[in-house]
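Trainee: I'd like to ask you about the structure that follows.
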Amino acid sequence: MQGQAQQQAYDRGITIFSPDGRLYQVEYAREAVKRGTASIGVRTPEGVVLAADKRSRSPLMEPTSVEKIHKSDDHIGIASAGHVADARQLIDFARRQSQVNRLRYGEPIGIETLTKEVTDHIQQYTQVGGARPFGVALLIGGVENGTPRLYETDPSGTPYEWKAVSIGADRGDLQDYLEENFRDDLTLDEGIGLALRAIASTNDDQLEDGGVDVATISTETEAFVELENDEISEYIAENDLEPSDEDETDESAE
Amino acid sequence: MQGQAQQQAYDRGITIFSPDGRLYQVEYAREAVKRGTASIGVRTPEGVVLAADKRSRSPLMEPTSVEKIHKSDDHIGIASAGHVADARQLIDFARRQSQVNRLRYGEPIGIETLTKEVTDHIQQYTQVGGARPFGVALLIGGVENGTPRLYETDPSGTPYEWKAVSIGADRGDLQDYLEENFRDDLTLDEGIGLALRAIASTNDDQLEDGGVDVATISTETEAFVELENDEISEYIAENDLEPSDEDETDESAE
Amino acid sequence: MQGQAQQQAYDRGITIFSPDGRLYQVEYAREAVKRGTASIGVRTPEGVVLAADKRSRSPLMEPTSVEKIHKSDDHIGIASAGHVADARQLIDFARRQSQVNRLRYGEPIGIETLTKEVTDHIQQYTQVGGARPFGVALLIGGVENGTPRLYETDPSGTPYEWKAVSIGADRGDLQDYLEENFRDDLTLDEGIGLALRAIASTNDDQLEDGGVDVATISTETEAFVELENDEISEYIAENDLEPSDEDETDESAE
Amino acid sequence: MQGQAQQQAYDRGITIFSPDGRLYQVEYAREAVKRGTASIGVRTPEGVVLAADKRSRSPLMEPTSVEKIHKSDDHIGIASAGHVADARQLIDFARRQSQVNRLRYGEPIGIETLTKEVTDHIQQYTQVGGARPFGVALLIGGVENGTPRLYETDPSGTPYEWKAVSIGADRGDLQDYLEENFRDDLTLDEGIGLALRAIASTNDDQLEDGGVDVATISTETEAFVELENDEISEYIAENDLEPSDEDETDESAE
Amino acid sequence: MQGQAQQQAYDRGITIFSPDGRLYQVEYAREAVKRGTASIGVRTPEGVVLAADKRSRSPLMEPTSVEKIHKSDDHIGIASAGHVADARQLIDFARRQSQVNRLRYGEPIGIETLTKEVTDHIQQYTQVGGARPFGVALLIGGVENGTPRLYETDPSGTPYEWKAVSIGADRGDLQDYLEENFRDDLTLDEGIGLALRAIASTNDDQLEDGGVDVATISTETEAFVELENDEISEYIAENDLEPSDEDETDESAE
Amino acid sequence: MQGQAQQQAYDRGITIFSPDGRLYQVEYAREAVKRGTASIGVRTPEGVVLAADKRSRSPLMEPTSVEKIHKSDDHIGIASAGHVADARQLIDFARRQSQVNRLRYGEPIGIETLTKEVTDHIQQYTQVGGARPFGVALLIGGVENGTPRLYETDPSGTPYEWKAVSIGADRGDLQDYLEENFRDDLTLDEGIGLALRAIASTNDDQLEDGGVDVATISTETEAFVELENDEISEYIAENDLEPSDEDETDESAE
Amino acid sequence: MQGQAQQQAYDRGITIFSPDGRLYQVEYAREAVKRGTASIGVRTPEGVVLAADKRSRSPLMEPTSVEKIHKSDDHIGIASAGHVADARQLIDFARRQSQVNRLRYGEPIGIETLTKEVTDHIQQYTQVGGARPFGVALLIGGVENGTPRLYETDPSGTPYEWKAVSIGADRGDLQDYLEENFRDDLTLDEGIGLALRAIASTNDDQLEDGGVDVATISTETEAFVELENDEISEYIAENDLEPSDEDETDESAE
């Protein structure tokens with residue numbers, strides 16, 4: 001109770017440091033990320049895979065309306081987890097930065113460059129008063145000069161580069177799954193399979209139809225491509241993940 | 001009591017995260033939506049139906065003064081539920097965006113495009129200090145290149161696409177009703193009937209005269225049309241929903 | 001006590017939502033309206049009647065100094081109830097909007113158009129920080145293309161259209177009185193009588209001389225006209241409302 | 001105690017509504033007015049009289065330094081009660097408005113026009129955050145097209161027109177005195193006598209030399225004139241108000 | 001205790017009214033004035049005397065470093081009491097106003113004009129948020145068209161005109177001393193003597209060398225002149241005020 | 001408990017002084033620095049060594065993604081400890097200042113000059129409201145006109161110059177280690193060895209592969225050079241620091 | 001406890017007056033000054049001496065990195081005590097003012113003029129909201145037209161002129177020491193000796209090598225000169241102050 005009261009004292013109003021050097025509003029924003037369903041990124045020599053768990057909440061809702069994977073530029077995709085409306089702001093920001101880069105330098109933006117412009121933008125919301133941090137994490141994947149890259153941004157504005165990573169709900173379990181099953185020499189197809197099996201691993205190894213989005217940026221084409229539903233169904237079947245039931249999650253966080 | 005005290009600590013002043021990653025002001029704004037009478041949207045292959053429960057509060061009030069369905073552009077209608085004055089702000093915003101699109105690109109704005117411009121606007125009020133969120137939800141329906149579309153916006157600034165959806169009071173019951181009774185192959189007339197029966201379902205299966213507004217955007221004409229009172233009366237009669245009594249609700253939220 | 005403490009937590013500082021979706025500052029502003037003496041509007045086919053209870057507080061105060069009915073444009077009158085100084089701000093705003101409309105479009109402003117410009121202005125003060133809501137309600141009456149219109153604005157910024165309506169003190173009783181006695185086919189004279197008898201109904205069916213203001217906008221002339229004191233006296237006599245005593249009310253709210 | 005605690009909750013920081021619709025900061029500003037010595041205005045057919053109680057606090061202070069009556073324009077005088085430094089701000093504002101009117105329209109400003117410009121200015125300080133209300137009331141008297149006018153402004157920004165009125169300390173008693181003794185057909189001389197006797201009535205019917213300021217705006221000359229000390233002494237003598245002792249009052253409020 | 005708690009409620013943050021109409025921050029600023037050593041002004045037909053108690057706190061501090069009397073213009077001097085750094089701001093403001101007047105109108109600024117420009121400046125800091133009041137009082141003395149004038153400004157922004165006045169520590173006793181000993185027909189020399197004896201009266205009728213500053217603005221020369229130390233010593237000797245010991249006072253307030 | 005309550009009172013909201021003259025937000029930002037893994041700087045006659053402990057948290061995270069040593073200019077490197085996103089802001093600031101210097105003066109920026117521009121920037125965030133301090137410390141090392149320089153910046157904005165220094169976790173132990181083992185005549189190779197052994201000293205004298213970054217700015221070349229992984233491995237082997245296990249640290253602070 | 005609670009009420013947020021007229025934030029900033037090691041100024045007919053205690057905290061820290069004496073202009077030096085990062089801001093401000101004076105008037109700035117520009121700058125931070133006061137005191141010494149001058153600035157923004165003065169830790173003891181040992185006819189050498197012996201007096205009459213900085217501005221050359229370490233060592237030896245041990249002090253305040 002005492003500890004709790006002390007904690008409460010540092011986590012309100014503008015983002016300030018607690019006596020042990022923590023920024024509670026940023027940590028709470030990380031909780032908002034965890035409230036969203038998972039997104040997964042896998043980097044293989046043949047390209048980057050982005051996959052997003054989007055179990056729909058109602059049979060009347062259009063599955064496509066739950067957008068968790070977005071095209072940022074021809075060669076870059078972004079998957080999100082957490083507060084949906086916040087994600088849209090950051091993705092719009094990323095798209096504008098991509099366009100500006102093409103206009104200014106006549107060439108596609110680098111994956112790391114884009115990631116750092118996004119994290120700098122996120123950091124501002126954790127230091128300057130008058131606004132709250134972004135309650136969302138992003139996976140920024142793409143191919144740059146033939147090299148696949150996969151980055152994560154978190155609510156503190158820190159960029160991380162990964163071989164394979166999960167954001168959102170069940171990160172602990174999913175990250176364990178990825179560590180056990182990831183190999184450096186995966187094909188792109190195997191990468192898709194790994195991502196789907198990881199998502200299914202938190203759901204009795206089952207994936208409902210339309211309950212997952214998948215996109216790839218292949219090293220060869222350097223092009224962001226979203227898989228059609230029947231393509232995903234084939235992968236689900238190949239990986240023995242046919243669904244049997246469905247789930248409700250919090251409405252504004254995915 | 002302890003839990004309550006803790007909750008109170010994160011739901012005041014500017015919109016900030018609670019320790020479990022929630023934005024209480026946004027959740028309270030959702031409560032403002034629930035205080036308003038319901039609006040319903042139904043998407044059929046023949047077009048989109050918007051219907052709004054507007055049981056008038058006084059025999060001396062003009063029924064038309066309770067505006068819950070608005071024309072946003074020739075091909076787009078918007079129904080609202082929640083804080084009326086906030087709804088007017090968002091509808092004015094939507095109309096301006098529609099006009100700007102016609103001026104800038106010489107063509108009508110897309111339904112999804114408009115929805116996302118509106119939700120981006122709503123999101124700003126949940127992240128930047130100095131203002132409260134909008135206490136209103138909208139249904140944005142229209143026809144775009146021959147395809148009927150139906151979107152919902154909520155106070156967090158998240159867009160959802162639906163086949164059939166309810167906002168405002170009794171959403172749980174109404175959504176259940178829609179799930180049970182919606183079919184993908186409804187005619188526009190059947191869609192109107194479904195919407196009216198859904199609204200009546202929370203009122204002893206009765207609808208008073210002038211107690212409901214209905215508008216359609218048909219796939220054929222791509223034109224927003226508000227039904228006349230006698231047209232609505234015919235639908236009420238056809239669906240056996242003749243009224244028998246009336247109700248008082250909160251004045252500023254519809 | 002518990003409920004009260006909880007309520008207190010959401011009704012201070014800037015206008016924010018309470019857990020049940022209410023805006024307390026707006027609701028308190030409605031209380032400021034109730035602290036003012038009543039104003040009444042009656043719409044008849046022959047025109048709109050505005051009447052205001054202005055029982056003067058001191059024999060030395062000029063009755064004309066208690067201004068509750070104002071000319072907004074040639075064809076529009078506005079009656080107020082609540083915080084007098086706030087009413088003046090809104091009426092000045094309405095007059096400017098009326099003038100701007102004439103300058104910009106070369107024609108008189110519509111009654112509904114004006115009402116909505118006023119309510120949009122009011123809404124801003126309920127959403128953006130740094131100011132309090134307006135503590136006043138208005139009745140905006142006028143004739144537009146031969147049709148009499150009567151609107152109410154409340155502190156939330158919601159517009160309502162009425163056949164007959166009361167704002168300010170005793171709204172419950174007065175509205176009951178109007179519902180019982182209003183007929184759609186009243187003459188303008190009968191409308192004046194109804195308004196005066198309604199006001200008198202809360203004062204032992206008596207009206208003191210100079211204790212009421214009356215203005216009309218007749219359908220025929222489309223002109224705002226304030227009745228002279230002796231004209232009002234005639235109506236008082238005709239309606240058997242001669243006064244016998246007088247009353248003190250709160251000074252800044254009328 | 002409970003009531004007191006509840007009251008305390010709504011009367012701090014920016015000016016906001018209490019649950020019963022009151023603006024406590026405005027009501028407290030009215031208390032600041034009551035802390036000042038009285039000023040009195042009397043309107044007669046022959047002109048307006050302004051009189052101010054200015055019992056000096058120290059024999060070494062120049063009586064003229066206690067300025068409570070000010071010339072606003074050739075034909076307008078202003079008397080104040082309450083926070084002296086605030087009064088100076090409003091009087092400077094009134095003078096500027098008077099000058100602007102002459103420059104812009106080539107004619108003297110109307111008494112009612114000036115009063116309303118002043119009250120609009122006062123109202124702003126009660127609605128917009130970042131400042132406190134003005135702690136002063138004014139009497140604005142003058143002659144306009146041969147008609148004497150006398151207005152009061154209060155801290156809420158409400159204008160009142162009076163035949164005779166008192167602001168500041170002892171308003172209740174003084175207003176009673178005026179009601180009993182005012183007649184519509186007073187001469188200007190009788191008006192001065194009435195004002196002096198009223199002030200003396202709260203001081204054992206005595207007025208010390210230099211303890212009162214008097215100014216008139218006569219209907220004939222339409223000119224603001226401050227009475228010389230010996231003229232005032234004559235009126236004091238004529239009205240049997242010779243002083244016998246003196247009084248201390250609060251320093252910053254007159 | 002109850003009264004104290006209530007008081008505490010109104011004296012923090014921005015300057016707002018207490019329920020009894022007081023501005024606590026202004027009253028506390030007056031306390032800052034009382035914490036400073038006294039300054040005294042005496043007006044005689046032959047000119048104005050300004051004298052300041054500046055008992056130095058350390059033998060190593062330069063007596064001239066305790067500046068309490070300042071030249072504002074050729075014909076105007078200003079003595080201060082209270083928060084030294086605040087005094088410097090106001091004196092700089094007064095000097096700029098003096099210069100602006102000479103540039104704009106080609107003539108020296110009037111004493112009353114200057115005083116009111118200073119008090120208007122002070123008042124702003126008591127009404128608008130984001131700053132605290134000035135914790136200093138000033139005596140502004142000078143000769144204008146052959147007439148000596150002596151004004152006081154206080155932290156509320158109120159101007160007073162005096163024949164003789166004291167600000168700062170021991171104001172009550174000093175003002176009593178001045179009232180008993182002031183005569184309207186003092187010579188300038190006698191005025192200097194009165195000021196010195198007054199200051200000494202609170203210190204066992206003794207004045208240490210260098211412990212007092214004196215300046216005059218004589219009616220004849222209309223020029224601000226600071227007395228040399230040996231001149232002051234002569235006056236001290238003539239008035240039998242030779243010192244015997246010394247005193248420590250608060251460092252930042254003089 | 002009493003002491004704790006008192007402390008809590010001064011460490012919230014904007015950065016203000018506590019009664020004992022401390023700035024708690026700055027001290028808490030120092031705690032954020034301690035939460036990060038250590039960085040070490042060693043200055044030898046042959047150049048400056050920067051080394052950073054970057055034990056990676058997951059086998060799937062790219063070691064290069066944990067950036068703790070950055071090139072600021074050709075001749076300047078910066079190592080950080082603490083809040084990663086804050087570090088990126090300061091390093092971007094440092095790079096811009098370096099570029100501006102080259103553009104404006106046509107020469108590389110001095111190490112001390114750059115350090116002081118960075119600390120001035122940091123100080124602003126500790127004095128002006130509306131933002132929190134930077135939760136990061138930097139080591140700025142470089143060679144200027146043949147002289148190696150090594151500076152530290154802390155969250156208060158104070159610059160320090162060192163021969164050898166550690167920031168981040170275990171500063172106390174690491175500084176002791178450096179004091180015992182530093183010699184003024186180290187070669188650059190010996191400096192690298194000292195830095196690595198210091199980092200290993202807090203980890204059972206072991207360093208995992210890829211768990212440390214090293215960069216040098218040699219006096220001869222005046223060029224910032226990052227060591228390749230295999231070069232570092234050689235130093236690790238030479239110094240007998242082969243790893244045996246690994247560690248988890250806080251995610252956002254390194 | 002009661003007194004303490006009352007004090008706490010006035011010392012937070014923006015700088016406001018307490019009921020007894022004190023500015024607690026300014027007083028707490030004075031505590032920050034006391035947390036720093038002492039600086040001493042001595043004025044002799046032959047020039048001004050500035051000396052600063054800078055006992056270094058670690059053998060690895062460069063003694064020169066603890067800058068407590070700065071050149072502001074050719075003829076002016078500034079010594080500081082208190083918050084180091086704040087000192088740097090004020091010294092940069094002083095340098096800019098010095099340069100501006102040379103550019104604008106073609107001559108070196110006066111010592112008093114510079115001091116007052118600095119104190120005016122400091123005062124702003126004690127009156128206007130949104131920032132905290134400066135936690136530092138300065139000694140500004142120089143020679144102006146052949147006359148040596150020595151000023152102190154404190155956190156309230158008050159300037160003092162001294163013959164000899166100490167700021168920072170142990171001010172009480174050091175000031176006593178100076179009062180006992182200062183003579184008006186010291187040579188510059190004797191002034192240096194006095195300053196060193198004063199600093200040593202709080203450290204068992206010992207001064208470590210490199211533990212003190214000394215600078216002079218001689219009346220003859222009017223030039224700021226920092227003494228070399230071996231020069232200082234000679235003075236230490238001459239005055240029998242050879243060191244024997246060393247001390248740790250607070251890191252950010254010197």
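By order in the structure tokens, chains are A, B, ...; within a chain, residues start at 1; ligands start at 1, following the order shown.
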Compile a residue-level contact table for stretch 108-194 of chain C against stretch 87-110 of chain B at a cut-off of 12 Å, reporting for every qualifying residue the shortest atom pair and its distance in Å to one decimal, with only C-alpha atoms counted, rows ordered by chain and ascending number, as a Markdown table.
Mentor:
```
| residue | atom | partner | partner_atom | distance |
| --- | --- | --- | --- | --- |
| C:Lys116 | CA | B:Arg88 | CA | 8.9 |
| C:Glu117 | CA | B:Arg88 | CA | 10.7 |
| C:Thr119 | CA | B:Arg88 | CA | 9.3 |
| C:Asp120 | CA | B:Gln89 | CA | 7.2 |
| C:His121 | CA | B:Gln89 | CA | 10.2 |
| C:Ile122 | CA | B:Gln89 | CA | 11.3 |
| C:Gln123 | CA | B:Gln89 | CA | 8.3 |
| C:Gln124 | CA | B:Gln89 | CA | 9.0 |
| C:Thr126 | CA | B:Gln89 | CA | 11.9 |
| C:Gln127 | CA | B:Gln89 | CA | 10.6 |
| C:Ser156 | CA | B:Arg88 | CA | 11.6 |
| C:Gly157 | CA | B:Arg88 | CA | 9.3 |
| C:Thr158 | CA | B:Arg88 | CA | 8.7 |
| C:Pro159 | CA | B:Arg88 | CA | 10.0 |
```
Trainee: Identify, with DSSP run on backbone atoms, the residues in stretch 121-191 of chain F assigned to alpha helix (DSSP H), and express the list as a PyMOL selection string.
Mentor: chain F and resi 121-127+171-181+188-191
Trainee: With distances taken over only C-alpha atoms, which residue among D:Val128, D:Ile78, D:Ile69, D:Val49 lies nearest chain E?
Mentor: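 Closest to chain E, using only C-alpha atoms: D:Val128.
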Trainee: Would you mind reading off the distance between atom CA of D:Lys54 and atom CA of D:Gly211, one decimal, in Å?
Mentor: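 Value for the atom CA of D:Lys54-atom CA of D:Gly211 distance: 4.9 Å.
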Trainee: What lies within 7 Å of G:Asp20 using only C-alpha atoms, ignoring chain neighbours under 6 positions off, as number ranges by chain?
Mentor: E: 28, 31-32
